[in-house]
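Here is upload-v9.txt, consisting of compact mmCIF, C-alpha atoms:
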# COMPACT_ATOMS: atom_id res chain seq x y z
CA MET A 29 -64.44 -58.17 305.12
CA THR A 30 -64.07 -54.46 305.68
CA ALA A 31 -60.58 -53.00 305.99
CA PRO A 32 -59.95 -51.37 309.37
CA ALA A 33 -58.89 -47.76 309.58
CA GLN A 34 -55.14 -47.53 309.14
CA THR A 35 -52.69 -44.70 309.58
CA ARG A 36 -49.82 -46.58 307.93
CA SER A 37 -49.80 -47.95 304.40
CA SER A 38 -48.41 -51.31 303.34
CA ALA A 39 -45.27 -49.60 302.07
CA ASP A 40 -44.86 -47.70 305.35
CA LEU A 41 -45.24 -50.85 307.42
CA ILE A 42 -42.77 -52.80 305.29
CA ARG A 43 -40.22 -49.98 305.61
CA ALA A 44 -40.83 -49.86 309.38
CA GLU A 45 -39.93 -53.54 309.74
CA GLU A 46 -36.51 -53.14 308.12
CA PRO A 47 -34.56 -51.64 311.04
CA VAL A 48 -36.28 -53.52 313.87
CA LEU A 49 -36.91 -57.09 312.61
CA ALA A 50 -34.21 -59.69 312.10
CA HIS A 51 -33.95 -60.43 308.38
CA ASN A 52 -34.60 -64.16 308.54
CA TYR A 53 -37.46 -63.99 306.04
CA HIS A 54 -37.95 -62.45 302.62
CA PRO A 55 -41.74 -62.16 302.40
CA LEU A 56 -43.73 -60.99 299.43
CA PRO A 57 -44.65 -57.29 299.77
CA VAL A 58 -48.21 -57.79 300.98
CA VAL A 59 -49.28 -56.69 304.47
CA VAL A 60 -52.25 -58.73 305.66
CA SER A 61 -54.59 -57.17 308.20
CA ARG A 62 -57.72 -59.34 308.04
CA ALA A 63 -58.69 -62.80 306.87
CA GLU A 64 -61.68 -65.08 306.61
CA GLY A 65 -61.98 -68.50 305.02
CA THR A 66 -59.75 -68.70 301.98
CA TRP A 67 -59.30 -64.94 301.60
CA VAL A 68 -56.99 -62.39 303.18
CA GLU A 69 -57.10 -58.61 302.96
CA ASP A 70 -54.26 -56.11 303.11
CA VAL A 71 -54.28 -52.77 304.92
CA GLU A 72 -55.53 -50.99 301.81
CA GLY A 73 -58.45 -53.41 301.47
CA ARG A 74 -57.10 -55.44 298.55
CA ARG A 75 -58.23 -59.08 298.68
CA TYR A 76 -56.10 -62.13 297.91
CA LEU A 77 -56.90 -65.81 297.60
CA ASP A 78 -54.64 -67.67 300.00
CA MET A 79 -53.12 -70.65 298.14
CA LEU A 80 -50.44 -71.32 300.77
CA ALA A 81 -52.54 -71.68 303.95
CA GLY A 82 -49.61 -71.00 306.27
CA TYR A 83 -47.68 -74.01 304.93
CA SER A 84 -50.71 -76.16 305.88
CA ALA A 85 -51.20 -74.52 309.30
CA LEU A 86 -54.50 -73.15 307.94
CA ASN A 87 -55.94 -76.37 306.53
CA PHE A 88 -59.38 -75.30 307.78
CA GLY A 89 -59.09 -71.76 306.47
CA HIS A 90 -58.73 -68.52 308.34
CA ARG A 91 -60.88 -68.15 311.44
CA HIS A 92 -62.93 -71.32 310.99
CA PRO A 93 -66.08 -70.69 313.07
CA ALA A 94 -65.83 -73.90 315.12
CA LEU A 95 -62.19 -73.22 315.97
CA ILE A 96 -62.77 -69.57 316.82
CA GLU A 97 -65.70 -70.55 319.04
CA ALA A 98 -63.55 -73.09 320.89
CA ALA A 99 -60.78 -70.53 321.38
CA HIS A 100 -63.15 -67.81 322.60
CA ALA A 101 -64.83 -70.14 325.05
CA GLN A 102 -61.52 -71.26 326.48
CA LEU A 103 -60.14 -67.70 326.69
CA ASP A 104 -63.00 -66.91 329.04
CA ARG A 105 -62.10 -69.81 331.37
CA LEU A 106 -58.40 -70.72 331.49
CA THR A 107 -55.39 -70.31 329.21
CA LEU A 108 -52.30 -71.62 330.99
CA THR A 109 -51.42 -73.70 334.04
CA SER A 110 -48.02 -75.10 332.97
CA ARG A 111 -47.58 -78.84 333.35
CA ALA A 112 -46.87 -78.36 337.06
CA PHE A 113 -50.63 -78.92 337.42
CA HIS A 114 -53.30 -80.79 335.49
CA ASN A 115 -55.89 -78.95 333.43
CA ASP A 116 -59.37 -80.07 332.47
CA ARG A 117 -58.83 -79.96 328.68
CA LEU A 118 -55.68 -82.01 328.20
CA ALA A 119 -57.01 -85.54 328.76
CA GLY A 120 -59.79 -85.11 326.19
CA PHE A 121 -57.38 -83.71 323.63
CA ALA A 122 -54.93 -86.57 324.07
CA GLU A 123 -57.69 -89.20 323.95
CA ARG A 124 -59.20 -87.83 320.75
CA LEU A 125 -55.86 -87.31 318.99
CA ALA A 126 -54.59 -90.78 319.88
CA ALA A 127 -57.83 -92.32 318.60
CA LEU A 128 -57.76 -90.28 315.37
CA THR A 129 -54.23 -91.42 314.56
CA GLY A 130 -54.52 -95.00 315.79
CA GLN A 131 -51.83 -94.53 318.43
CA ASP A 132 -51.64 -94.96 322.21
CA MET A 133 -50.06 -91.88 323.74
CA VAL A 134 -49.52 -88.17 323.10
CA LEU A 135 -46.65 -85.87 324.06
CA PRO A 136 -48.02 -82.32 323.58
CA MET A 137 -45.64 -79.59 322.45
CA ASN A 138 -45.97 -76.26 320.64
CA THR A 139 -44.07 -75.87 317.37
CA GLY A 140 -43.24 -78.34 314.65
CA ALA A 141 -39.52 -78.09 315.33
CA GLU A 142 -40.23 -78.84 319.00
CA ALA A 143 -42.09 -81.98 317.96
CA VAL A 144 -39.15 -83.10 315.84
CA GLU A 145 -36.64 -82.41 318.61
CA SER A 146 -38.89 -84.29 321.03
CA GLY A 147 -39.17 -87.21 318.64
CA ILE A 148 -35.39 -87.39 318.39
CA LYS A 149 -35.03 -87.42 322.17
CA VAL A 150 -37.68 -90.11 322.56
CA ALA A 151 -36.04 -92.28 319.88
CA ARG A 152 -32.65 -92.03 321.57
CA LYS A 153 -34.11 -92.81 325.00
CA TRP A 154 -35.92 -95.83 323.53
CA ALA A 155 -32.69 -97.01 321.90
CA TYR A 156 -30.84 -96.96 325.22
CA ASP A 157 -33.63 -98.23 327.49
CA VAL A 158 -35.32 -100.77 325.22
CA LYS A 159 -33.03 -101.69 322.33
CA GLY A 160 -29.87 -101.69 324.42
CA VAL A 161 -27.70 -99.40 322.30
CA PRO A 162 -24.56 -98.41 324.25
CA ALA A 163 -24.72 -94.96 325.86
CA ASP A 164 -24.27 -92.00 323.52
CA GLN A 165 -23.96 -94.18 320.40
CA ALA A 166 -27.51 -94.04 319.03
CA THR A 167 -27.90 -92.98 315.40
CA ILE A 168 -30.90 -91.79 313.41
CA VAL A 169 -31.20 -92.20 309.64
CA VAL A 170 -32.74 -89.31 307.70
CA ALA A 171 -33.34 -88.45 304.04
CA ALA A 172 -31.50 -85.99 301.85
CA ASP A 173 -33.40 -82.81 300.97
CA ASN A 174 -35.39 -83.12 304.18
CA PHE A 175 -36.99 -80.22 306.01
CA HIS A 176 -37.83 -80.82 309.66
CA GLY A 177 -37.22 -77.33 311.10
CA ARG A 178 -34.39 -74.93 311.82
CA THR A 179 -33.05 -75.65 315.29
CA THR A 180 -29.34 -76.39 315.60
CA THR A 181 -29.87 -80.14 315.92
CA ILE A 182 -32.25 -80.27 312.97
CA VAL A 183 -30.05 -78.25 310.61
CA SER A 184 -27.23 -80.59 311.58
CA PHE A 185 -28.82 -83.24 309.34
CA SER A 186 -30.14 -80.89 306.65
CA THR A 187 -28.60 -81.02 303.18
CA ASP A 188 -29.61 -77.41 302.47
CA GLU A 189 -26.44 -75.36 302.81
CA THR A 190 -28.44 -72.15 303.30
CA ALA A 191 -29.90 -73.70 306.45
CA ARG A 192 -26.50 -74.97 307.65
CA GLN A 193 -23.87 -72.43 306.70
CA GLY A 194 -22.66 -70.44 309.68
CA PHE A 195 -24.45 -72.52 312.32
CA GLY A 196 -21.91 -75.23 313.19
CA PRO A 197 -20.60 -77.13 315.03
CA PHE A 198 -23.26 -79.67 314.23
CA THR A 199 -24.91 -82.32 316.35
CA PRO A 200 -23.58 -85.82 315.61
CA GLY A 201 -25.61 -89.02 315.43
CA PHE A 202 -27.33 -88.73 312.04
CA ARG A 203 -26.88 -90.56 308.75
CA VAL A 204 -28.26 -89.10 305.53
CA VAL A 205 -29.42 -91.31 302.68
CA PRO A 206 -31.22 -90.49 299.40
CA TYR A 207 -34.98 -90.15 299.69
CA ASN A 208 -37.10 -92.86 298.05
CA ASP A 209 -34.18 -95.32 298.04
CA LEU A 210 -34.86 -98.44 300.12
CA PRO A 211 -31.50 -100.18 299.40
CA ALA A 212 -29.59 -97.11 300.59
CA LEU A 213 -31.77 -96.92 303.68
CA GLU A 214 -31.19 -100.58 304.51
CA ALA A 215 -27.45 -100.18 304.11
CA ALA A 216 -27.43 -97.27 306.59
CA ILE A 217 -29.19 -99.14 309.39
CA ASP A 218 -27.08 -101.02 311.91
CA GLU A 219 -27.19 -102.08 315.55
CA THR A 220 -26.86 -98.46 316.71
CA THR A 221 -29.87 -97.20 314.73
CA ALA A 222 -32.61 -95.83 316.97
CA ALA A 223 -34.94 -94.66 314.22
CA VAL A 224 -35.56 -93.72 310.64
CA LEU A 225 -37.01 -90.20 310.46
CA LEU A 226 -38.76 -89.28 307.21
CA GLU A 227 -41.36 -86.98 305.71
CA PRO A 228 -43.93 -89.17 303.91
CA ILE A 229 -43.96 -86.37 301.33
CA GLN A 230 -41.10 -83.89 301.26
CA GLY A 231 -42.76 -80.49 301.33
CA GLU A 232 -39.99 -77.90 301.30
CA ALA A 233 -38.11 -79.92 298.68
CA GLY A 234 -40.99 -79.29 296.26
CA VAL A 235 -43.74 -81.70 297.32
CA LEU A 236 -41.72 -84.79 296.43
CA ILE A 237 -43.89 -87.91 296.54
CA PRO A 238 -42.08 -91.23 296.91
CA ASP A 239 -42.83 -94.26 294.78
CA GLN A 240 -45.83 -96.33 295.80
CA GLY A 241 -44.57 -98.96 298.21
CA TYR A 242 -41.70 -96.90 299.60
CA LEU A 243 -43.38 -96.09 302.92
CA ALA A 244 -44.54 -99.68 303.30
CA GLY A 245 -40.97 -100.72 302.57
CA VAL A 246 -39.67 -98.37 305.27
CA ARG A 247 -42.14 -99.89 307.72
CA GLU A 248 -41.09 -103.45 306.85
CA LEU A 249 -37.41 -102.57 306.98
CA THR A 250 -37.51 -100.80 310.33
CA THR A 251 -39.56 -103.60 311.87
CA ARG A 252 -37.17 -106.25 310.56
CA LYS A 253 -34.07 -104.31 311.63
CA GLY A 254 -35.42 -103.46 315.08
CA CYS A 255 -35.58 -99.67 314.94
CA LEU A 256 -38.36 -97.08 315.00
CA PHE A 257 -40.12 -95.48 312.05
CA ILE A 258 -40.82 -91.80 312.78
CA ALA A 259 -43.07 -90.07 310.24
CA ASP A 260 -42.94 -86.28 310.16
CA GLU A 261 -46.52 -85.42 309.19
CA ILE A 262 -46.30 -81.78 310.29
CA GLN A 263 -47.09 -80.53 306.77
CA SER A 264 -48.51 -83.63 305.13
CA GLY A 265 -50.88 -84.69 307.89
CA LEU A 266 -54.35 -83.76 309.11
CA GLY A 267 -56.25 -83.93 305.84
CA ARG A 268 -53.87 -82.23 303.43
CA THR A 269 -53.35 -85.22 301.11
CA GLY A 270 -56.91 -86.54 301.15
CA ARG A 271 -56.34 -88.87 304.09
CA THR A 272 -55.96 -88.03 307.76
CA LEU A 273 -52.25 -88.85 307.40
CA ALA A 274 -50.08 -89.21 304.31
CA VAL A 275 -48.93 -92.64 305.51
CA ASP A 276 -52.57 -93.76 305.29
CA HIS A 277 -52.19 -93.92 301.50
CA GLU A 278 -50.11 -97.06 302.07
CA SER A 279 -51.93 -98.24 305.21
CA VAL A 280 -48.71 -97.76 307.17
CA VAL A 281 -48.65 -97.22 310.94
CA PRO A 282 -45.34 -95.71 312.10
CA ASP A 283 -44.06 -96.10 315.64
CA VAL A 284 -44.09 -92.33 316.10
CA LEU A 285 -45.98 -89.53 314.34
CA LEU A 286 -44.93 -85.89 314.47
CA LEU A 287 -47.85 -83.49 314.10
CA GLY A 288 -48.12 -79.71 314.11
CA LYS A 289 -49.21 -76.77 311.95
CA ALA A 290 -52.90 -77.57 311.26
CA LEU A 291 -53.23 -79.07 314.74
CA GLY A 292 -53.47 -75.50 316.06
CA GLY A 293 -56.10 -74.48 313.52
CA GLY A 294 -54.14 -71.37 312.57
CA ILE A 295 -54.95 -69.92 316.00
CA VAL A 296 -52.28 -71.10 318.43
CA PRO A 297 -49.08 -73.14 317.99
CA VAL A 298 -49.87 -76.78 318.76
CA SER A 299 -47.72 -79.79 318.00
CA ALA A 300 -47.53 -83.33 319.28
CA VAL A 301 -45.49 -86.48 319.26
CA VAL A 302 -47.95 -89.35 319.00
CA GLY A 303 -46.85 -92.95 319.35
CA SER A 304 -47.07 -96.36 320.86
CA ARG A 305 -47.01 -96.87 324.62
CA GLU A 306 -43.78 -98.87 324.28
CA VAL A 307 -42.01 -95.85 322.78
CA LEU A 308 -43.49 -92.81 324.54
CA GLY A 309 -43.60 -94.76 327.78
CA VAL A 310 -39.81 -94.44 328.10
CA LEU A 311 -40.15 -90.82 329.27
CA ARG A 312 -40.10 -90.17 333.00
CA PRO A 313 -40.87 -86.97 334.95
CA GLY A 314 -38.13 -84.39 334.56
CA GLU A 315 -36.66 -85.86 331.37
CA HIS A 316 -38.57 -83.65 328.93
CA GLY A 317 -41.07 -80.83 329.14
CA SER A 318 -42.53 -77.56 327.94
CA THR A 319 -44.17 -74.77 329.94
CA PHE A 320 -46.75 -74.15 327.21
CA GLY A 321 -47.02 -77.70 325.86
CA GLY A 322 -50.55 -79.01 326.42
CA ASN A 323 -51.86 -75.69 327.72
CA PRO A 324 -55.66 -75.46 328.05
CA LEU A 325 -56.11 -73.06 325.14
CA ALA A 326 -54.04 -75.25 322.83
CA ALA A 327 -55.86 -78.37 324.02
CA ALA A 328 -59.26 -76.76 323.42
CA VAL A 329 -58.37 -75.67 319.88
CA GLY A 330 -56.61 -78.96 319.16
CA THR A 331 -59.67 -80.90 320.27
CA ALA A 332 -61.85 -78.82 317.95
CA VAL A 333 -59.43 -79.57 315.08
CA VAL A 334 -59.68 -83.30 315.80
CA GLU A 335 -63.46 -83.04 315.86
CA LEU A 336 -63.41 -81.50 312.36
CA LEU A 337 -61.21 -84.29 311.06
CA GLU A 338 -63.34 -86.99 312.69
CA THR A 339 -66.15 -86.09 310.27
CA GLY A 340 -64.03 -87.02 307.25
CA GLU A 341 -65.30 -83.95 305.41
CA PHE A 342 -61.93 -82.32 304.94
CA GLN A 343 -60.23 -85.50 303.79
CA ARG A 344 -63.00 -85.92 301.18
CA ARG A 345 -62.68 -82.32 300.05
CA ALA A 346 -58.92 -82.66 299.61
CA THR A 347 -59.45 -85.81 297.54
CA GLU A 348 -62.20 -84.38 295.34
CA LEU A 349 -60.61 -80.97 294.83
CA GLY A 350 -57.27 -82.65 294.25
CA VAL A 351 -58.74 -83.97 291.02
CA VAL A 352 -59.51 -80.39 289.97
CA LEU A 353 -56.01 -79.28 290.96
CA ARG A 354 -54.27 -82.04 289.01
CA GLY A 355 -56.50 -81.47 285.99
CA GLY A 356 -55.75 -77.76 285.93
CA LEU A 357 -52.02 -78.31 286.27
CA SER A 358 -52.02 -81.01 283.60
CA ALA A 359 -53.57 -78.51 281.20
CA LEU A 360 -50.62 -76.16 281.84
CA LEU A 361 -47.94 -78.71 280.96
CA GLY A 362 -46.00 -77.33 278.02
CA LYS A 363 -47.53 -73.90 278.63
CA GLY A 364 -44.98 -72.68 281.15
CA VAL A 365 -45.24 -75.69 283.48
CA VAL A 366 -42.62 -78.38 282.89
CA GLY A 367 -43.78 -80.75 285.62
CA PHE A 368 -45.70 -81.07 288.85
CA ARG A 369 -46.33 -83.43 291.73
CA ALA A 370 -49.64 -83.42 293.57
CA ARG A 371 -51.47 -85.38 296.22
CA GLY A 372 -54.76 -84.15 297.58
CA LEU A 373 -54.73 -80.36 297.81
CA TRP A 374 -50.95 -80.08 297.75
CA ALA A 375 -48.75 -79.57 294.72
CA GLY A 376 -45.23 -78.64 293.77
CA VAL A 377 -45.21 -76.97 290.36
CA ASP A 378 -42.04 -76.72 288.28
CA VAL A 379 -42.13 -73.64 286.08
CA ASP A 380 -40.00 -73.31 282.96
CA PRO A 381 -36.99 -71.24 284.13
CA ALA A 382 -37.31 -69.22 280.93
CA VAL A 383 -40.68 -67.99 282.22
CA GLY A 384 -39.40 -66.97 285.64
CA THR A 385 -38.09 -68.05 289.00
CA GLY A 386 -40.43 -69.30 291.67
CA ARG A 387 -40.13 -65.97 293.42
CA GLU A 388 -40.99 -64.05 290.25
CA ILE A 389 -44.02 -66.24 289.54
CA SER A 390 -45.18 -65.78 293.14
CA ALA A 391 -44.87 -61.99 292.78
CA ARG A 392 -46.86 -62.02 289.52
CA LEU A 393 -49.59 -64.10 291.13
CA MET A 394 -49.71 -61.67 294.04
CA HIS A 395 -50.55 -58.89 291.58
CA GLU A 396 -53.34 -61.11 290.27
CA GLY A 397 -54.73 -61.50 293.79
CA VAL A 398 -53.39 -64.99 294.51
CA LEU A 399 -50.82 -65.78 297.20
CA VAL A 400 -48.39 -68.70 296.80
CA LYS A 401 -44.80 -69.37 297.86
CA ASP A 402 -41.79 -70.59 295.96
CA THR A 403 -39.55 -73.39 297.22
CA HIS A 404 -36.34 -73.69 295.22
CA GLY A 405 -35.40 -72.37 291.78
CA SER A 406 -38.48 -72.19 289.59
CA THR A 407 -40.74 -74.36 291.75
CA ILE A 408 -43.81 -73.02 293.53
CA ARG A 409 -46.02 -74.85 296.00
CA LEU A 410 -49.79 -74.79 296.14
CA ALA A 411 -51.50 -75.73 299.40
CA PRO A 412 -54.83 -73.90 299.71
CA PRO A 413 -57.13 -74.25 302.69
CA LEU A 414 -59.18 -77.43 302.45
CA THR A 415 -62.25 -75.18 302.57
CA ILE A 416 -61.53 -73.71 299.14
CA THR A 417 -64.39 -73.95 296.63
CA PRO A 418 -64.02 -75.46 293.14
CA GLU A 419 -64.63 -72.01 291.68
CA GLU A 420 -61.90 -70.43 293.79
CA LEU A 421 -59.46 -73.18 292.89
CA THR A 422 -60.27 -72.86 289.20
CA GLY A 423 -59.77 -69.10 289.48
CA ALA A 424 -56.33 -69.57 291.02
CA LEU A 425 -55.33 -71.97 288.24
CA GLY A 426 -56.56 -69.42 285.72
CA ALA A 427 -54.38 -66.76 287.34
CA LEU A 428 -51.41 -69.11 287.12
CA GLU A 429 -52.09 -69.68 283.43
CA LYS A 430 -52.21 -65.91 282.92
CA VAL A 431 -48.89 -65.15 284.62
CA LEU A 432 -47.16 -67.97 282.72
CA GLY A 433 -48.33 -66.64 279.37
Could you spell out this file's structure in structure tokens?
Amino acid sequence: MTAPAQTRSSADLIRAEEPVLAHNYHPLPVVVSRAEGTWVEDVEGRRYLDMLAGYSALNFGHRHPALIEAAHAQLDRLTLTSRAFHNDRLAGFAERLAALTGQDMVLPMNTGAEAVESGIKVARKWAYDVKGVPADQATIVVAADNFHGRTTTIVSFSTDETARQGFGPFTPGFRVVPYNDLPALEAAIDETTAAVLLEPIQGEAGVLIPDQGYLAGVRELTTRKGCLFIADEIQSGLGRTGRTLAVDHESVVPDVLLLGKALGGGIVPVSAVVGSREVLGVLRPGEHGSTFGGNPLAAAVGTAVVELLETGEFQRRATELGVVLRGGLSALLGKGVVGFRARGLWAGVDVDPAVGTGREISARLMHEGVLVKDTHGSTIRLAPPLTITPEELTGALGALEKVLG
């Protein structure tokens, strides 16, 4: 990569944002101008290894050739029709995505939060039309420490006060139970329960992996109690954990899957609610929609993403390189790392608070040419592109060892 000519430095650009951008983020002070594969480059030409991959939106790396080719080809033909008309890319996308996930139907949307909101609406509609819950009484059970997005309905059932404070009044109809606690979940389900909505692995909470058997237990419980199981695979899905979906580790098939992030290949926002015909079939024209949902450009890129996953290559890479990741982190236990959780190419790393906060460790790694992101306290998350090489991954772990020393 060659840095383009710039008239404004990183510092100038960061200062320029201050008065004109809402302060809803606190990014690290790096200004990216180019990227390819696992590497990004700032406006001064400094290179960084991307170990965050856009919170898994860049599972296939920056500007994957097959995805860029699909986007370019579609840009030359058709980008948007709205759903007022059909387009020639949507059917193929829906067919391939349904087949990849073992489901029947697809509801295309744009962002992850949109997929979650759509899943909530579908679950409520199913509860009234199919289960027979009295009007306006449907409930959804969720897990503490969840992260499903930041819309007003979603923060209504968040347990993160930073996400909630100042945004009430909150949407009713949700019950919060501890994550990874089947007895508590069973106690919360009653005749009004439309669905249980869970992340198979809680990403924002620090890559929290439930006990083996928990997801299978959720599936058994929801089936027995007559409610839906909605799995939010927006971060955990599409190869990240070494399987196409995180629920695949327990051979679980939820009623509804929520997908996003990597589904757009890091090129365009693409999300989807994918589920059984019995569930998604409750929607009728006019009851839900999106001007950009299922647009031809998104469908073209999404289809190319599915084609990459159909090969199994990226799932294998996440599995094999996950061994390297866990081995490297294990070697750091007692050397600044007090614990970690990892599955595939995804890890939450707990740093000794005496060494630094997650933000401080992230800043130190940035100066070593490695980009990561903290979650809470002294925890950082690692989620590199699935295209990372063993040498690059080992180099990142070496940088982590250096900044912990």
Using only C-alpha atoms, which residue out of A:Asn323, A:Asn208, A:Ser84, A:Thr107 lies closest to Ile229 in chain A?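 Closest to Ile229 in chain A, using only C-alpha atoms: A:Asn208.
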Any idea what's packed within 12 Å of Ala39 in chain A, counting all atoms listed in the file, ignoring anything in its chain fewer than 4 positions away? Could you give it as a ChimeraX atom specification? /A:35,43-46,56-59,70-72
Fewer than 2 positions away in the same chain doesn't count, so skip those; otherwise give me all residues within 12 Å of Gly362 in chain A, counting only C-alpha atoms, as number ranges by chain. A: 357-360, 364-368, 378-380, 383, 429, 432-433
Generate the output file for the selected residues, C-alpha atoms, as an mmCIF file, keeping the file's coordinate frame.
data_model
loop_
_atom_site.group_PDB
_atom_site.id
_atom_site.type_symbol
_atom_site.label_atom_id
_atom_site.label_comp_id
_atom_site.auth_asym_id
_atom_site.auth_seq_id
_atom_site.Cartn_x
_atom_site.Cartn_y
_atom_site.Cartn_z
ATOM 1 C CA LEU A 357 -52.020 -78.310 286.270
ATOM 2 C CA SER A 358 -52.020 -81.010 283.600
ATOM 3 C CA ALA A 359 -53.570 -78.510 281.200
ATOM 4 C CA LEU A 360 -50.620 -76.160 281.840
ATOM 5 C CA GLY A 364 -44.980 -72.680 281.150
ATOM 6 C CA VAL A 365 -45.240 -75.690 283.480
ATOM 7 C CA VAL A 366 -42.620 -78.380 282.890
ATOM 8 C CA GLY A 367 -43.780 -80.750 285.620
ATOM 9 C CA PHE A 368 -45.700 -81.070 288.850
ATOM 10 C CA ASP A 378 -42.040 -76.720 288.280
ATOM 11 C CA VAL A 379 -42.130 -73.640 286.080
ATOM 12 C CA ASP A 380 -40.000 -73.310 282.960
ATOM 13 C CA VAL A 383 -40.680 -67.990 282.220
ATOM 14 C CA GLU A 429 -52.090 -69.680 283.430
ATOM 15 C CA LEU A 432 -47.160 -67.970 282.720
ATOM 16 C CA GLY A 433 -48.330 -66.640 279.370
#
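Checking A:Pro324, A:Gly194, A:Gly231, A:Pro297 one by one against Phe113 in chain A, counting only C-alpha atoms, you find the shortest gap at A:Pro324.
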Which residues are close to Gly350 in chain A, i.e. within 8 Å by only C-alpha atoms, leaving aside same-chain residues fewer than 6 positions away? Reply as a PyMOL selection string. chain A and resi 270+370-374
Between A:Glu145, A:Asp209, A:Glu335, A:Glu348, smallest distance to Ala172 in chain A by all atoms listed in the file belongs to A:Asp209
Rounded to one decimal, what separation in Å do you get between CA of Val205 in chain A and CA of Leu135 in chain A? 28.0 Å
Calculate how many Å separate CA of Gly330 in chain A from CA of Gly147 in chain A, rounding to one decimal. 19.3 Å
Which one of A:Ala98, A:Gly317, A:Ile217, A:Ser184 sits closest to Gly196 in chain A if you count all atoms listed in the file?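 Closest to Gly196 in chain A, using all atoms listed in the file: A:Ser184.
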Taking the block above, write range 34-60 of chain A with C-alpha atoms as a PDB file, in the first residue's frame.
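Now in result_22.pdb:
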ATOM      1  CA  GLN A  34      -2.640  14.290   2.124  1.00  0.00           C
ATOM      2  CA  THR A  35      -2.886  17.927   3.083  1.00  0.00           C
ATOM      3  CA  ARG A  36      -4.076  17.192   6.627  1.00  0.00           C
ATOM      4  CA  SER A  37      -2.220  15.147   9.216  1.00  0.00           C
ATOM      5  CA  SER A  38      -3.766  12.616  11.565  1.00  0.00           C
ATOM      6  CA  ALA A  39      -3.673  15.169  14.368  1.00  0.00           C
ATOM      7  CA  ASP A  40      -5.324  17.803  12.154  1.00  0.00           C
ATOM      8  CA  LEU A  41      -8.098  15.429  11.123  1.00  0.00           C
ATOM      9  CA  ILE A  42      -8.776  14.330  14.699  1.00  0.00           C
ATOM     10  CA  ARG A  43      -8.990  17.975  15.806  1.00  0.00           C
ATOM     11  CA  ALA A  44     -11.303  18.733  12.869  1.00  0.00           C
ATOM     12  CA  GLU A  45     -13.767  16.065  13.997  1.00  0.00           C
ATOM     13  CA  GLU A  46     -14.191  17.533  17.472  1.00  0.00           C
ATOM     14  CA  PRO A  47     -16.577  20.413  16.705  1.00  0.00           C
ATOM     15  CA  VAL A  48     -18.593  18.726  13.946  1.00  0.00           C
ATOM     16  CA  LEU A  49     -19.057  15.068  14.993  1.00  0.00           C
ATOM     17  CA  ALA A  50     -21.318  13.909  17.800  1.00  0.00           C
ATOM     18  CA  HIS A  51     -19.145  12.468  20.571  1.00  0.00           C
ATOM     19  CA  ASN A  52     -20.690   9.015  20.707  1.00  0.00           C
ATOM     20  CA  TYR A  53     -17.350   7.260  20.216  1.00  0.00           C
ATOM     21  CA  HIS A  54     -13.923   7.528  21.804  1.00  0.00           C
ATOM     22  CA  PRO A  55     -11.675   6.028  19.126  1.00  0.00           C
ATOM     23  CA  LEU A  56      -7.969   5.415  19.396  1.00  0.00           C
ATOM     24  CA  PRO A  57      -5.990   8.267  17.791  1.00  0.00           C
ATOM     25  CA  VAL A  58      -5.249   6.548  14.496  1.00  0.00           C
ATOM     26  CA  VAL A  59      -6.666   7.879  11.217  1.00  0.00           C
ATOM     27  CA  VAL A  60      -6.948   5.091   8.652  1.00  0.00           C
TER      28      VAL A  60
END
